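Novice: Attaching a single structure in structure tokens format; questions to follow.
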Protein chains: 2
Amino acid sequence: MSTDSSAPKPPAATPGAGPPADPPGFELPLRLFLGFRTLIDELHAELARQGHPDVRPMHGFVMQAIGTRGTTAAELGRRLGVSKQAAGKTIDALERIGYVERGTDPGDARRKIVRLTERGTDSLVRSARIFEDLRAGWAKTLGEDRLRALESDLRLVTPPDLFRLDVPGWFGGYQ
Amino acid sequence: MSTDSSAPKPPAATPGAGPPADPPGFELPLRLFLGFRTLIDELHAELARQGHPDVRPMHGFVMQAIGTRGTTAAELGRRLGVSKQAAGKTIDALERIGYVERGTDPGDARRKIVRLTERGTDSLVRSARIFEDLRAGWAKTLGEDRLRALESDLRLVTPPDLFRLDVPGWFGGYQ
DNA sequence: TAATATCGACAATATGGTTGTCTATATAGT
DNA sequence: ACTATATAGACAACCATATTGTCGATATTA
């Protein structure tokens with residue numbers, strides 16, 4: 001990580017220690033992100049324990065986007081909101097570690113269909129189970145109805161589309 | 001974005017159209033991320049309208065981490081979980097667009113203190129107000145108490161630290 | 001059959017990040 | 001006071017991820 005590493009001191013998020021009558025507006029987005037990050041990190045820790053140490057967070061979403069019926073690089077790029085070249089490179093990486101394979105399309109000689117291998121499917125099946133377990137953990141902490149409320153509330157304030165993340169370079173940037 | 005752009009067809013998230021008795025586990029993390037992304041996108045759209053078109057999502061967090069008292073590149077790197085060199089480059093970028101400035105530390109000739117300029121502070125003040133407004137928008141949709149519940153529930157299932165995002169390369173990756 | 005569009009590949013480039021090295025300065029141990 | 005060690009910041013080299021632009025092969029449509 002850092003060239004020179006030492007303990008960082010956490011900056012005071014809320015200087016006053018009193019009851020946070022009105023939480024500062026920027027806590028909400030941060031909590032949402034932390035929730036996301038926590039779940040994803042725990043998923044991949046468990047996935048590694050279950051024999052999939054090489055899957056990176058992005059891979060799961062990519063494989064999910066590939067789906068059981070397979071797809072092509074260009075189509076995948078469109079789904080994920082990145083260029084077909086970038087999608088192609090991700091497919092290369094997944095192929096290298098044995099999670100997808102490329103085949104030809106008998107009906108269209110231009111297309112190369114990308115399909116999940118057995119191993120790829122296995123990682124997806126396990127991911128689904130692990131996510132259920134993680135959700136169950138939250139349910140134990142919050143109660144099933146509070147969690148359901150949280151989910152349904154989030155559904156109300158987020159776009160319905162679910163799949164359009166296009167995370168790649170979205171956040172960062174020197175500029 | 002894509003070299004060749006056309007409308008992507010959203011893959012069916014829930015094949016059956018009946019009542020989702022048990023939402024698939026992977027909806028929760030996605031919703032959390034979408035909530036985060038929605039807020040951040042709306043923040044920056046509004047920020048651009050208010051005279052800060054060049055601020056990128058990362059910049060806000062960096063400036064927040066710099067704080068009103070200023071800091072140094074190395075310290076900033078530790079806070080954000082990146083190398084001091086990377087932090088230095090981000091500071092370069094922020095300096096170039098006039099949001100921070102470098103000064104010397106009278107008590108330690110090695111250190112160069114990075115401080116927010118007036119413009120930098122202004123962007124932070126406006127961000128805070130915009131976040132409050134966005135939160136108010138959610139409160140209007142969900143009701144203030146449901147939103148409070150959502151926030152407090154998230155606080156229960158996320159690490160207390162708030163600031164440790166180290167987003168940089170975390171998600172992505174061919175590998 | 002000619003015009004146009006799409007697929008996948010390749011090359012060049014941009015960006016954001018890393019490590020490694022260097023000099024200057026501080027600080028602790030003797 | 002002197003030496004050893006640690007830290008700050010700058011610079012260079014490199015790596016990873018994504019971009020645009022181009023190309024030949026194949027499909028599709030007029």
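Letters A, B, ... go to the chains of the structure tokens in the order shown; residues in each chain start at 1; ligands are counted from 1 in the same order.
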I'd like the superposed chain A, fitted onto chain B by least squares over all Cα atoms in order, as a short mmCIF file (atom, residue, chain, number, x, y, z; two decimals) with N, CA and C atoms, in the first residue's frame.
Specialist:
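This went into result35.cif:
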```
data_model
loop_
_atom_site.label_atom_id
_atom_site.label_comp_id
_atom_site.auth_asym_id
_atom_site.auth_seq_id
_atom_site.Cartn_x
_atom_site.Cartn_y
_atom_site.Cartn_z
N MET A 1 -17.59 7.06 -24.47
CA MET A 1 -17.74 5.80 -23.74
C MET A 1 -17.37 4.62 -24.64
N SER A 2 -18.38 3.92 -25.17
CA SER A 2 -18.06 2.84 -26.09
C SER A 2 -17.68 3.41 -27.44
N THR A 3 -16.80 2.71 -28.16
CA THR A 3 -16.45 3.12 -29.50
C THR A 3 -17.69 3.10 -30.39
N ASP A 4 -18.43 2.03 -30.28
CA ASP A 4 -19.69 1.93 -30.99
C ASP A 4 -20.81 1.89 -29.96
N SER A 5 -21.66 2.92 -30.01
CA SER A 5 -22.66 3.01 -28.96
C SER A 5 -24.05 2.68 -29.49
N SER A 6 -24.78 1.95 -28.70
CA SER A 6 -26.19 1.69 -28.99
C SER A 6 -26.85 1.38 -27.66
N ALA A 7 -28.17 1.22 -27.68
CA ALA A 7 -28.90 1.02 -26.44
C ALA A 7 -28.64 -0.39 -25.89
N PRO A 8 -28.24 -0.47 -24.61
CA PRO A 8 -28.07 -1.78 -24.02
C PRO A 8 -29.40 -2.30 -23.52
N LYS A 9 -29.61 -3.59 -23.68
CA LYS A 9 -30.85 -4.11 -23.13
C LYS A 9 -30.59 -4.57 -21.71
N PRO A 10 -31.38 -4.05 -20.77
CA PRO A 10 -31.17 -4.41 -19.37
C PRO A 10 -31.46 -5.88 -19.14
N PRO A 11 -30.50 -6.60 -18.58
CA PRO A 11 -30.74 -8.01 -18.31
C PRO A 11 -31.76 -8.16 -17.20
N ALA A 12 -32.58 -9.18 -17.29
CA ALA A 12 -33.62 -9.39 -16.29
C ALA A 12 -32.98 -9.66 -14.94
N ALA A 13 -33.21 -8.79 -13.97
CA ALA A 13 -32.64 -8.99 -12.65
C ALA A 13 -33.42 -10.06 -11.91
N THR A 14 -34.71 -9.95 -11.95
CA THR A 14 -35.58 -10.97 -11.35
C THR A 14 -36.46 -11.54 -12.45
N PRO A 15 -36.14 -12.75 -12.90
CA PRO A 15 -36.86 -13.35 -14.02
C PRO A 15 -38.37 -13.46 -13.76
N GLY A 16 -38.72 -13.99 -12.59
CA GLY A 16 -40.14 -14.10 -12.27
C GLY A 16 -40.69 -12.73 -11.94
N ALA A 17 -41.93 -12.48 -12.26
CA ALA A 17 -42.51 -11.16 -12.01
C ALA A 17 -43.36 -11.15 -10.74
N GLY A 18 -43.42 -12.28 -10.07
CA GLY A 18 -44.26 -12.39 -8.87
C GLY A 18 -43.68 -11.58 -7.73
N PRO A 19 -44.35 -11.60 -6.59
CA PRO A 19 -43.86 -10.87 -5.42
C PRO A 19 -42.53 -11.46 -4.96
N PRO A 20 -41.51 -10.61 -4.83
CA PRO A 20 -40.19 -11.11 -4.44
C PRO A 20 -40.17 -11.43 -2.96
N ALA A 21 -40.63 -12.61 -2.62
CA ALA A 21 -40.74 -13.01 -1.21
C ALA A 21 -39.38 -12.88 -0.53
N ASP A 22 -38.36 -13.50 -1.12
CA ASP A 22 -37.01 -13.35 -0.61
C ASP A 22 -36.18 -12.70 -1.70
N PRO A 23 -35.86 -11.44 -1.54
CA PRO A 23 -35.05 -10.79 -2.57
C PRO A 23 -33.71 -11.51 -2.66
N PRO A 24 -33.24 -11.72 -3.87
CA PRO A 24 -31.95 -12.39 -4.01
C PRO A 24 -30.89 -11.60 -3.28
N GLY A 25 -29.99 -12.29 -2.62
CA GLY A 25 -29.03 -11.65 -1.75
C GLY A 25 -28.24 -10.55 -2.40
N PHE A 26 -28.04 -10.65 -3.69
CA PHE A 26 -27.16 -9.67 -4.30
C PHE A 26 -27.88 -8.37 -4.61
N GLU A 27 -29.17 -8.29 -4.33
CA GLU A 27 -29.81 -6.99 -4.56
C GLU A 27 -29.34 -5.96 -3.55
N LEU A 28 -29.19 -6.40 -2.31
CA LEU A 28 -28.84 -5.47 -1.24
C LEU A 28 -27.55 -4.69 -1.52
N PRO A 29 -26.43 -5.35 -1.79
CA PRO A 29 -25.22 -4.57 -2.07
C PRO A 29 -25.38 -3.64 -3.26
N LEU A 30 -26.09 -4.13 -4.27
CA LEU A 30 -26.27 -3.29 -5.46
C LEU A 30 -27.08 -2.05 -5.14
N ARG A 31 -28.13 -2.22 -4.35
CA ARG A 31 -28.94 -1.06 -3.97
C ARG A 31 -28.12 -0.07 -3.16
N LEU A 32 -27.31 -0.58 -2.27
CA LEU A 32 -26.47 0.31 -1.47
C LEU A 32 -25.55 1.11 -2.38
N PHE A 33 -24.95 0.42 -3.32
CA PHE A 33 -24.05 1.13 -4.23
C PHE A 33 -24.81 2.14 -5.07
N LEU A 34 -25.96 1.73 -5.58
CA LEU A 34 -26.74 2.65 -6.41
C LEU A 34 -27.16 3.88 -5.61
N GLY A 35 -27.51 3.67 -4.35
CA GLY A 35 -27.87 4.80 -3.50
C GLY A 35 -26.70 5.76 -3.38
N PHE A 36 -25.56 5.22 -3.10
CA PHE A 36 -24.34 6.03 -3.00
C PHE A 36 -24.10 6.78 -4.30
N ARG A 37 -24.13 6.04 -5.39
CA ARG A 37 -23.82 6.62 -6.69
C ARG A 37 -24.82 7.70 -7.06
N THR A 38 -26.08 7.45 -6.78
CA THR A 38 -27.12 8.43 -7.08
C THR A 38 -26.84 9.74 -6.35
N LEU A 39 -26.58 9.64 -5.05
CA LEU A 39 -26.33 10.84 -4.27
C LEU A 39 -25.11 11.59 -4.79
N ILE A 40 -24.05 10.86 -5.07
CA ILE A 40 -22.81 11.51 -5.51
C ILE A 40 -23.00 12.17 -6.87
N ASP A 41 -23.70 11.47 -7.76
CA ASP A 41 -23.94 12.05 -9.08
C ASP A 41 -24.77 13.32 -8.98
N GLU A 42 -25.81 13.27 -8.15
CA GLU A 42 -26.67 14.44 -8.02
C GLU A 42 -25.90 15.59 -7.36
N LEU A 43 -25.09 15.24 -6.39
CA LEU A 43 -24.26 16.28 -5.77
C LEU A 43 -23.42 17.00 -6.81
N HIS A 44 -22.78 16.24 -7.69
CA HIS A 44 -21.85 16.89 -8.61
C HIS A 44 -22.55 17.60 -9.74
N ALA A 45 -23.73 17.13 -10.08
CA ALA A 45 -24.51 17.88 -11.07
C ALA A 45 -24.85 19.25 -10.50
N GLU A 46 -25.30 19.27 -9.25
CA GLU A 46 -25.68 20.53 -8.63
C GLU A 46 -24.46 21.41 -8.36
N LEU A 47 -23.39 20.77 -7.95
CA LEU A 47 -22.15 21.51 -7.71
C LEU A 47 -21.69 22.20 -8.98
N ALA A 48 -21.82 21.52 -10.11
CA ALA A 48 -21.43 22.11 -11.38
C ALA A 48 -22.30 23.34 -11.66
N ARG A 49 -23.59 23.20 -11.39
CA ARG A 49 -24.51 24.32 -11.60
C ARG A 49 -24.13 25.51 -10.71
N GLN A 50 -23.58 25.23 -9.55
CA GLN A 50 -23.26 26.30 -8.60
C GLN A 50 -21.83 26.81 -8.77
N GLY A 51 -21.23 26.56 -9.94
CA GLY A 51 -19.94 27.15 -10.19
C GLY A 51 -18.74 26.27 -9.90
N HIS A 52 -18.96 24.99 -9.67
CA HIS A 52 -17.84 24.08 -9.45
C HIS A 52 -17.91 22.90 -10.40
N PRO A 53 -17.73 23.16 -11.69
CA PRO A 53 -17.89 22.08 -12.66
C PRO A 53 -16.71 21.11 -12.69
N ASP A 54 -15.59 21.49 -12.10
CA ASP A 54 -14.38 20.68 -12.26
C ASP A 54 -14.13 19.72 -11.11
N VAL A 55 -14.94 19.81 -10.08
CA VAL A 55 -14.72 18.93 -8.94
C VAL A 55 -15.18 17.52 -9.28
N ARG A 56 -14.31 16.55 -9.06
CA ARG A 56 -14.66 15.17 -9.30
C ARG A 56 -15.01 14.52 -7.96
N PRO A 57 -15.76 13.43 -7.98
CA PRO A 57 -16.17 12.80 -6.73
C PRO A 57 -15.02 12.62 -5.74
N MET A 58 -13.89 12.15 -6.23
CA MET A 58 -12.77 11.93 -5.33
C MET A 58 -12.34 13.21 -4.63
N HIS A 59 -12.38 14.32 -5.34
CA HIS A 59 -11.88 15.57 -4.79
C HIS A 59 -12.58 15.96 -3.50
N GLY A 60 -13.88 15.76 -3.48
CA GLY A 60 -14.63 16.10 -2.28
C GLY A 60 -14.10 15.35 -1.07
N PHE A 61 -13.90 14.06 -1.25
CA PHE A 61 -13.41 13.28 -0.13
C PHE A 61 -12.01 13.69 0.25
N VAL A 62 -11.20 13.99 -0.74
CA VAL A 62 -9.84 14.42 -0.45
C VAL A 62 -9.86 15.73 0.32
N MET A 63 -10.66 16.67 -0.14
CA MET A 63 -10.70 17.97 0.56
C MET A 63 -11.25 17.81 1.97
N GLN A 64 -12.26 16.96 2.09
CA GLN A 64 -12.79 16.66 3.42
C GLN A 64 -11.68 16.11 4.31
N ALA A 65 -10.84 15.26 3.72
CA ALA A 65 -9.75 14.66 4.49
C ALA A 65 -8.66 15.67 4.79
N ILE A 66 -8.50 16.65 3.93
CA ILE A 66 -7.53 17.71 4.20
C ILE A 66 -7.99 18.54 5.39
N GLY A 67 -9.27 18.86 5.39
CA GLY A 67 -9.83 19.55 6.54
C GLY A 67 -9.44 21.01 6.57
N THR A 68 -10.03 21.75 7.50
CA THR A 68 -9.80 23.19 7.57
C THR A 68 -8.42 23.51 8.09
N ARG A 69 -7.79 22.56 8.79
CA ARG A 69 -6.49 22.86 9.39
C ARG A 69 -5.34 22.51 8.48
N GLY A 70 -5.63 21.86 7.34
CA GLY A 70 -4.56 21.51 6.42
C GLY A 70 -3.85 20.24 6.85
N THR A 71 -3.07 19.72 5.95
CA THR A 71 -2.33 18.50 6.26
C THR A 71 -1.17 18.38 5.27
N THR A 72 -0.47 17.27 5.29
CA THR A 72 0.62 17.06 4.34
C THR A 72 0.28 15.90 3.42
N ALA A 73 1.08 15.77 2.36
CA ALA A 73 0.81 14.72 1.38
C ALA A 73 0.90 13.33 2.02
N ALA A 74 1.92 13.13 2.81
CA ALA A 74 2.11 11.81 3.40
C ALA A 74 0.97 11.46 4.34
N GLU A 75 0.61 12.42 5.18
CA GLU A 75 -0.48 12.22 6.12
C GLU A 75 -1.79 11.95 5.37
N LEU A 76 -2.01 12.72 4.33
CA LEU A 76 -3.21 12.55 3.53
C LEU A 76 -3.28 11.16 2.92
N GLY A 77 -2.13 10.71 2.39
CA GLY A 77 -2.08 9.36 1.84
C GLY A 77 -2.47 8.33 2.86
N ARG A 78 -1.98 8.50 4.09
CA ARG A 78 -2.32 7.54 5.14
C ARG A 78 -3.80 7.57 5.43
N ARG A 79 -4.36 8.77 5.51
CA ARG A 79 -5.79 8.87 5.79
C ARG A 79 -6.63 8.19 4.74
N LEU A 80 -6.22 8.37 3.48
CA LEU A 80 -7.04 7.86 2.39
C LEU A 80 -6.68 6.43 2.01
N GLY A 81 -5.62 5.92 2.59
CA GLY A 81 -5.25 4.56 2.27
C GLY A 81 -4.57 4.41 0.92
N VAL A 82 -3.91 5.46 0.46
CA VAL A 82 -3.15 5.35 -0.79
C VAL A 82 -1.71 5.78 -0.50
N SER A 83 -0.84 5.61 -1.46
CA SER A 83 0.55 5.99 -1.27
C SER A 83 0.66 7.51 -1.21
N LYS A 84 1.71 7.98 -0.58
CA LYS A 84 1.90 9.42 -0.49
C LYS A 84 2.10 10.03 -1.87
N GLN A 85 2.66 9.22 -2.78
CA GLN A 85 2.85 9.71 -4.15
C GLN A 85 1.51 9.97 -4.83
N ALA A 86 0.60 9.02 -4.65
CA ALA A 86 -0.72 9.19 -5.25
C ALA A 86 -1.42 10.40 -4.63
N ALA A 87 -1.31 10.51 -3.31
CA ALA A 87 -1.90 11.67 -2.64
C ALA A 87 -1.29 12.95 -3.19
N GLY A 88 0.02 12.93 -3.41
CA GLY A 88 0.71 14.09 -3.95
C GLY A 88 0.17 14.48 -5.32
N LYS A 89 -0.10 13.49 -6.13
CA LYS A 89 -0.62 13.78 -7.46
C LYS A 89 -2.03 14.36 -7.40
N THR A 90 -2.83 13.83 -6.48
CA THR A 90 -4.17 14.39 -6.32
C THR A 90 -4.08 15.83 -5.87
N ILE A 91 -3.15 16.09 -4.96
CA ILE A 91 -2.96 17.47 -4.50
C ILE A 91 -2.53 18.35 -5.67
N ASP A 92 -1.63 17.85 -6.53
CA ASP A 92 -1.24 18.60 -7.72
C ASP A 92 -2.47 19.02 -8.52
N ALA A 93 -3.36 18.03 -8.72
CA ALA A 93 -4.55 18.31 -9.54
C ALA A 93 -5.42 19.37 -8.87
N LEU A 94 -5.62 19.24 -7.55
CA LEU A 94 -6.45 20.21 -6.84
C LEU A 94 -5.80 21.59 -6.83
N GLU A 95 -4.48 21.60 -6.78
CA GLU A 95 -3.77 22.87 -6.81
C GLU A 95 -3.96 23.54 -8.18
N ARG A 96 -3.91 22.71 -9.21
CA ARG A 96 -4.01 23.21 -10.58
C ARG A 96 -5.35 23.91 -10.80
N ILE A 97 -6.43 23.34 -10.22
CA ILE A 97 -7.73 23.96 -10.43
C ILE A 97 -8.08 24.94 -9.30
N GLY A 98 -7.12 25.19 -8.44
CA GLY A 98 -7.28 26.28 -7.49
C GLY A 98 -8.07 25.97 -6.22
N TYR A 99 -8.10 24.70 -5.82
CA TYR A 99 -8.87 24.35 -4.64
C TYR A 99 -8.02 24.16 -3.39
N VAL A 100 -6.73 23.96 -3.59
CA VAL A 100 -5.82 23.89 -2.44
C VAL A 100 -4.56 24.66 -2.79
N GLU A 101 -3.80 24.98 -1.76
CA GLU A 101 -2.50 25.62 -2.00
C GLU A 101 -1.49 25.03 -1.02
N ARG A 102 -0.24 25.05 -1.43
CA ARG A 102 0.81 24.49 -0.58
C ARG A 102 1.56 25.60 0.11
N GLY A 103 1.82 25.42 1.37
CA GLY A 103 2.65 26.37 2.11
C GLY A 103 3.69 25.59 2.88
N THR A 104 4.61 26.32 3.49
CA THR A 104 5.65 25.64 4.26
C THR A 104 5.23 25.56 5.72
N ASP A 105 5.83 24.62 6.41
CA ASP A 105 5.61 24.51 7.85
C ASP A 105 6.79 25.19 8.54
N PRO A 106 6.54 26.29 9.28
CA PRO A 106 7.65 27.01 9.92
C PRO A 106 8.37 26.13 10.93
N GLY A 107 7.69 25.14 11.46
CA GLY A 107 8.30 24.33 12.50
C GLY A 107 8.99 23.08 11.98
N ASP A 108 8.84 22.79 10.67
CA ASP A 108 9.45 21.57 10.13
C ASP A 108 9.68 21.77 8.64
N ALA A 109 10.95 21.98 8.28
CA ALA A 109 11.26 22.38 6.91
C ALA A 109 10.99 21.28 5.90
N ARG A 110 10.79 20.05 6.35
CA ARG A 110 10.50 18.99 5.39
C ARG A 110 9.07 19.08 4.89
N ARG A 111 8.18 19.44 5.80
CA ARG A 111 6.75 19.37 5.49
C ARG A 111 6.27 20.52 4.63
N LYS A 112 5.37 20.20 3.73
CA LYS A 112 4.65 21.25 3.01
C LYS A 112 3.18 21.09 3.32
N ILE A 113 2.65 22.09 3.97
CA ILE A 113 1.27 22.01 4.40
C ILE A 113 0.33 22.31 3.24
N VAL A 114 -0.63 21.45 3.05
CA VAL A 114 -1.65 21.67 2.04
C VAL A 114 -2.88 22.26 2.72
N ARG A 115 -3.34 23.40 2.20
CA ARG A 115 -4.53 24.01 2.80
C ARG A 115 -5.57 24.28 1.73
N LEU A 116 -6.82 24.27 2.14
CA LEU A 116 -7.90 24.62 1.22
C LEU A 116 -7.83 26.10 0.92
N THR A 117 -8.06 26.45 -0.34
CA THR A 117 -8.21 27.86 -0.67
C THR A 117 -9.65 28.26 -0.36
N GLU A 118 -9.93 29.51 -0.56
CA GLU A 118 -11.30 29.98 -0.33
C GLU A 118 -12.27 29.23 -1.24
N ARG A 119 -11.81 29.06 -2.47
CA ARG A 119 -12.64 28.35 -3.44
C ARG A 119 -12.88 26.89 -3.01
N GLY A 120 -11.81 26.27 -2.49
CA GLY A 120 -11.94 24.91 -2.00
C GLY A 120 -12.94 24.83 -0.86
N THR A 121 -12.82 25.75 0.08
CA THR A 121 -13.74 25.77 1.20
C THR A 121 -15.17 26.00 0.72
N ASP A 122 -15.31 26.90 -0.23
CA ASP A 122 -16.64 27.17 -0.78
C ASP A 122 -17.27 25.90 -1.34
N SER A 123 -16.49 25.12 -2.06
CA SER A 123 -17.07 23.90 -2.64
C SER A 123 -17.50 22.93 -1.55
N LEU A 124 -16.77 22.93 -0.46
CA LEU A 124 -17.11 22.04 0.64
C LEU A 124 -18.37 22.50 1.36
N VAL A 125 -18.46 23.81 1.55
CA VAL A 125 -19.65 24.36 2.20
C VAL A 125 -20.89 24.06 1.35
N ARG A 126 -20.73 24.30 0.05
CA ARG A 126 -21.86 24.03 -0.84
C ARG A 126 -22.21 22.54 -0.85
N SER A 127 -21.20 21.70 -0.87
CA SER A 127 -21.44 20.25 -0.85
C SER A 127 -22.28 19.87 0.36
N ALA A 128 -21.91 20.43 1.50
CA ALA A 128 -22.64 20.10 2.71
C ALA A 128 -24.11 20.48 2.56
N ARG A 129 -24.35 21.69 2.04
CA ARG A 129 -25.73 22.14 1.88
C ARG A 129 -26.48 21.26 0.89
N ILE A 130 -25.81 20.91 -0.20
CA ILE A 130 -26.46 20.09 -1.22
C ILE A 130 -26.79 18.72 -0.66
N PHE A 131 -25.88 18.17 0.10
CA PHE A 131 -26.15 16.86 0.72
C PHE A 131 -27.36 16.94 1.63
N GLU A 132 -27.46 18.05 2.37
CA GLU A 132 -28.64 18.22 3.23
C GLU A 132 -29.90 18.22 2.38
N ASP A 133 -29.83 18.95 1.27
CA ASP A 133 -30.99 19.03 0.40
C ASP A 133 -31.35 17.66 -0.17
N LEU A 134 -30.34 16.92 -0.58
CA LEU A 134 -30.60 15.60 -1.14
C LEU A 134 -31.20 14.68 -0.08
N ARG A 135 -30.65 14.81 1.11
CA ARG A 135 -31.21 14.03 2.21
C ARG A 135 -32.68 14.42 2.44
N ALA A 136 -32.93 15.71 2.37
CA ALA A 136 -34.32 16.17 2.54
C ALA A 136 -35.23 15.57 1.47
N GLY A 137 -34.68 15.45 0.25
CA GLY A 137 -35.46 14.82 -0.81
C GLY A 137 -35.81 13.38 -0.48
N TRP A 138 -34.86 12.67 0.05
CA TRP A 138 -35.11 11.29 0.46
C TRP A 138 -36.14 11.26 1.59
N ALA A 139 -35.98 12.23 2.50
CA ALA A 139 -36.91 12.27 3.63
C ALA A 139 -38.33 12.50 3.14
N LYS A 140 -38.45 13.28 2.09
CA LYS A 140 -39.79 13.55 1.54
C LYS A 140 -40.38 12.27 0.94
N THR A 141 -39.54 11.48 0.32
CA THR A 141 -40.01 10.23 -0.28
C THR A 141 -40.30 9.17 0.77
N LEU A 142 -39.39 9.05 1.72
CA LEU A 142 -39.47 7.93 2.66
C LEU A 142 -40.16 8.31 3.97
N GLY A 143 -40.17 9.60 4.27
CA GLY A 143 -40.56 10.04 5.60
C GLY A 143 -39.33 10.17 6.46
N GLU A 144 -39.33 11.20 7.29
CA GLU A 144 -38.14 11.48 8.08
C GLU A 144 -37.78 10.31 9.01
N ASP A 145 -38.78 9.67 9.59
CA ASP A 145 -38.44 8.61 10.55
C ASP A 145 -37.90 7.36 9.86
N ARG A 146 -38.46 7.04 8.68
CA ARG A 146 -37.92 5.89 7.95
C ARG A 146 -36.46 6.16 7.56
N LEU A 147 -36.19 7.39 7.14
CA LEU A 147 -34.82 7.73 6.75
C LEU A 147 -33.89 7.65 7.94
N ARG A 148 -34.34 8.17 9.05
CA ARG A 148 -33.53 8.07 10.27
C ARG A 148 -33.28 6.61 10.63
N ALA A 149 -34.30 5.79 10.48
CA ALA A 149 -34.14 4.35 10.76
C ALA A 149 -33.11 3.75 9.82
N LEU A 150 -33.21 4.14 8.54
CA LEU A 150 -32.25 3.62 7.56
C LEU A 150 -30.83 4.00 7.96
N GLU A 151 -30.64 5.26 8.31
CA GLU A 151 -29.31 5.70 8.70
C GLU A 151 -28.82 4.97 9.94
N SER A 152 -29.70 4.84 10.91
CA SER A 152 -29.23 4.23 12.15
C SER A 152 -28.99 2.73 11.95
N ASP A 153 -29.79 2.11 11.07
CA ASP A 153 -29.54 0.71 10.76
C ASP A 153 -28.20 0.53 10.05
N LEU A 154 -27.93 1.42 9.12
CA LEU A 154 -26.65 1.33 8.42
C LEU A 154 -25.49 1.50 9.38
N ARG A 155 -25.69 2.40 10.35
CA ARG A 155 -24.63 2.60 11.35
C ARG A 155 -24.34 1.30 12.11
N LEU A 156 -25.38 0.50 12.28
CA LEU A 156 -25.20 -0.74 13.04
C LEU A 156 -24.42 -1.81 12.27
N VAL A 157 -24.49 -1.77 10.96
CA VAL A 157 -23.88 -2.85 10.18
C VAL A 157 -22.63 -2.41 9.42
N THR A 158 -22.20 -1.17 9.66
CA THR A 158 -20.99 -0.71 8.99
C THR A 158 -19.95 -0.35 10.04
N PRO A 159 -18.68 -0.39 9.65
CA PRO A 159 -17.63 -0.02 10.60
C PRO A 159 -17.81 1.43 11.02
N PRO A 160 -17.46 1.73 12.28
CA PRO A 160 -17.69 3.07 12.80
C PRO A 160 -16.83 4.12 12.12
N ASP A 161 -15.75 3.71 11.51
CA ASP A 161 -14.72 4.65 11.08
C ASP A 161 -15.15 5.71 10.06
N LEU A 162 -16.13 5.53 9.29
CA LEU A 162 -16.63 6.55 8.35
C LEU A 162 -15.66 6.96 7.27
N PHE A 163 -14.39 7.19 7.59
CA PHE A 163 -13.57 7.88 6.59
C PHE A 163 -12.73 6.98 5.72
N ARG A 164 -12.56 5.75 6.15
CA ARG A 164 -11.62 4.90 5.45
C ARG A 164 -12.23 4.32 4.18
N LEU A 165 -12.18 5.05 3.09
CA LEU A 165 -12.78 4.49 1.88
C LEU A 165 -11.78 3.73 1.02
N ASP A 166 -10.57 4.23 0.95
CA ASP A 166 -9.60 3.76 -0.05
C ASP A 166 -10.22 3.09 -1.27
N VAL A 167 -10.97 3.86 -2.00
CA VAL A 167 -11.62 3.39 -3.20
C VAL A 167 -10.68 3.09 -4.37
N PRO A 168 -9.53 3.69 -4.45
CA PRO A 168 -8.84 3.80 -5.74
C PRO A 168 -8.97 2.59 -6.64
N GLY A 169 -8.16 1.57 -6.41
CA GLY A 169 -8.20 0.47 -7.36
C GLY A 169 -8.98 -0.69 -6.80
N TRP A 170 -9.59 -0.45 -5.67
CA TRP A 170 -10.20 -1.51 -4.89
C TRP A 170 -11.11 -2.43 -5.69
N PHE A 171 -11.98 -1.83 -6.47
CA PHE A 171 -13.02 -2.63 -7.09
C PHE A 171 -12.52 -3.42 -8.29
N GLY A 172 -11.84 -2.72 -9.15
CA GLY A 172 -11.66 -3.21 -10.51
C GLY A 172 -10.62 -4.28 -10.66
N GLY A 173 -10.65 -4.86 -11.84
CA GLY A 173 -9.49 -5.58 -12.12
C GLY A 173 -9.50 -6.71 -13.08
N TYR A 174 -8.76 -6.55 -14.15
CA TYR A 174 -8.50 -7.69 -15.00
C TYR A 174 -7.86 -8.79 -14.16
N GLN A 175 -6.81 -8.40 -13.50
CA GLN A 175 -5.93 -9.23 -12.70
C GLN A 175 -4.77 -9.72 -13.55
#
```
Novice: Output as a list in words the set of chain D residues within 8 Å of chain B, with distances taken over only C-alpha atoms (C1' of nucleotides).
Specialist: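 Written out as asked, the residues are DA8, DG9, DT17 and DT20 of chain D.
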Novice: Mind dumping the selected residues with C-alpha atoms (C1' of nucleotides) as a compact mmCIF listing (two decimals), in the first residue's frame?
Specialist:
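The result, stored in part_19.txt:
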```
# COMPACT_ATOMS: atom_id res chain seq x y z
C1' DA D 8 8.96 14.63 4.18
C1' DG D 9 8.69 15.49 -0.39
C1' DT D 17 -6.90 -0.18 -16.57
C1' DT D 20 -9.90 6.34 -28.98
```
Novice: Taking the backbone alone, and naming residues the way the document does, which bits of chain A are strand (DSSP E) by DSSP, as a list in words?
Specialist: Val100, Glu101, Arg102, Gly103, Thr104, Asp105, Asp108, Ala109, Arg110, Arg111, Lys112, Ile113, Val114, Arg115 and Leu116 of chain A
Novice: Atom C1' of C:DG16 to atom C1' of D:DA10: how many Å, to one decimal?
Specialist: 18.1 Å
Novice: Give me, as an MDAnalysis selection string, the residues of stretch 61-142 of chain B that a backbone DSSP run labels alpha helix (DSSP H).
Specialist: chainID B and resid 61:66 73:80 84:96 118:142
Novice: Would you mind reading off the distance between atom C1' of C:DA28 and atom C1' of D:DA6, one decimal, in Å?
Specialist: 9.8 Å
Novice: Quick one, how far is atom C1' of C:DC22 from atom C1' of D:DT3?
Specialist: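 Separation of atom C1' of C:DC22 and atom C1' of D:DT3: 20.5 Å.
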Novice: Select all residues from chain C having any atom no more than 8 Å from an atom of chain B (counting only C-alpha atoms (C1' of nucleotides), ignoring ligands), output as a list of chain:residue names.
Specialist: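 Selected residues: C:DG16, C:DG17, C:DT18, C:DA24, C:DT25, C:DA26.
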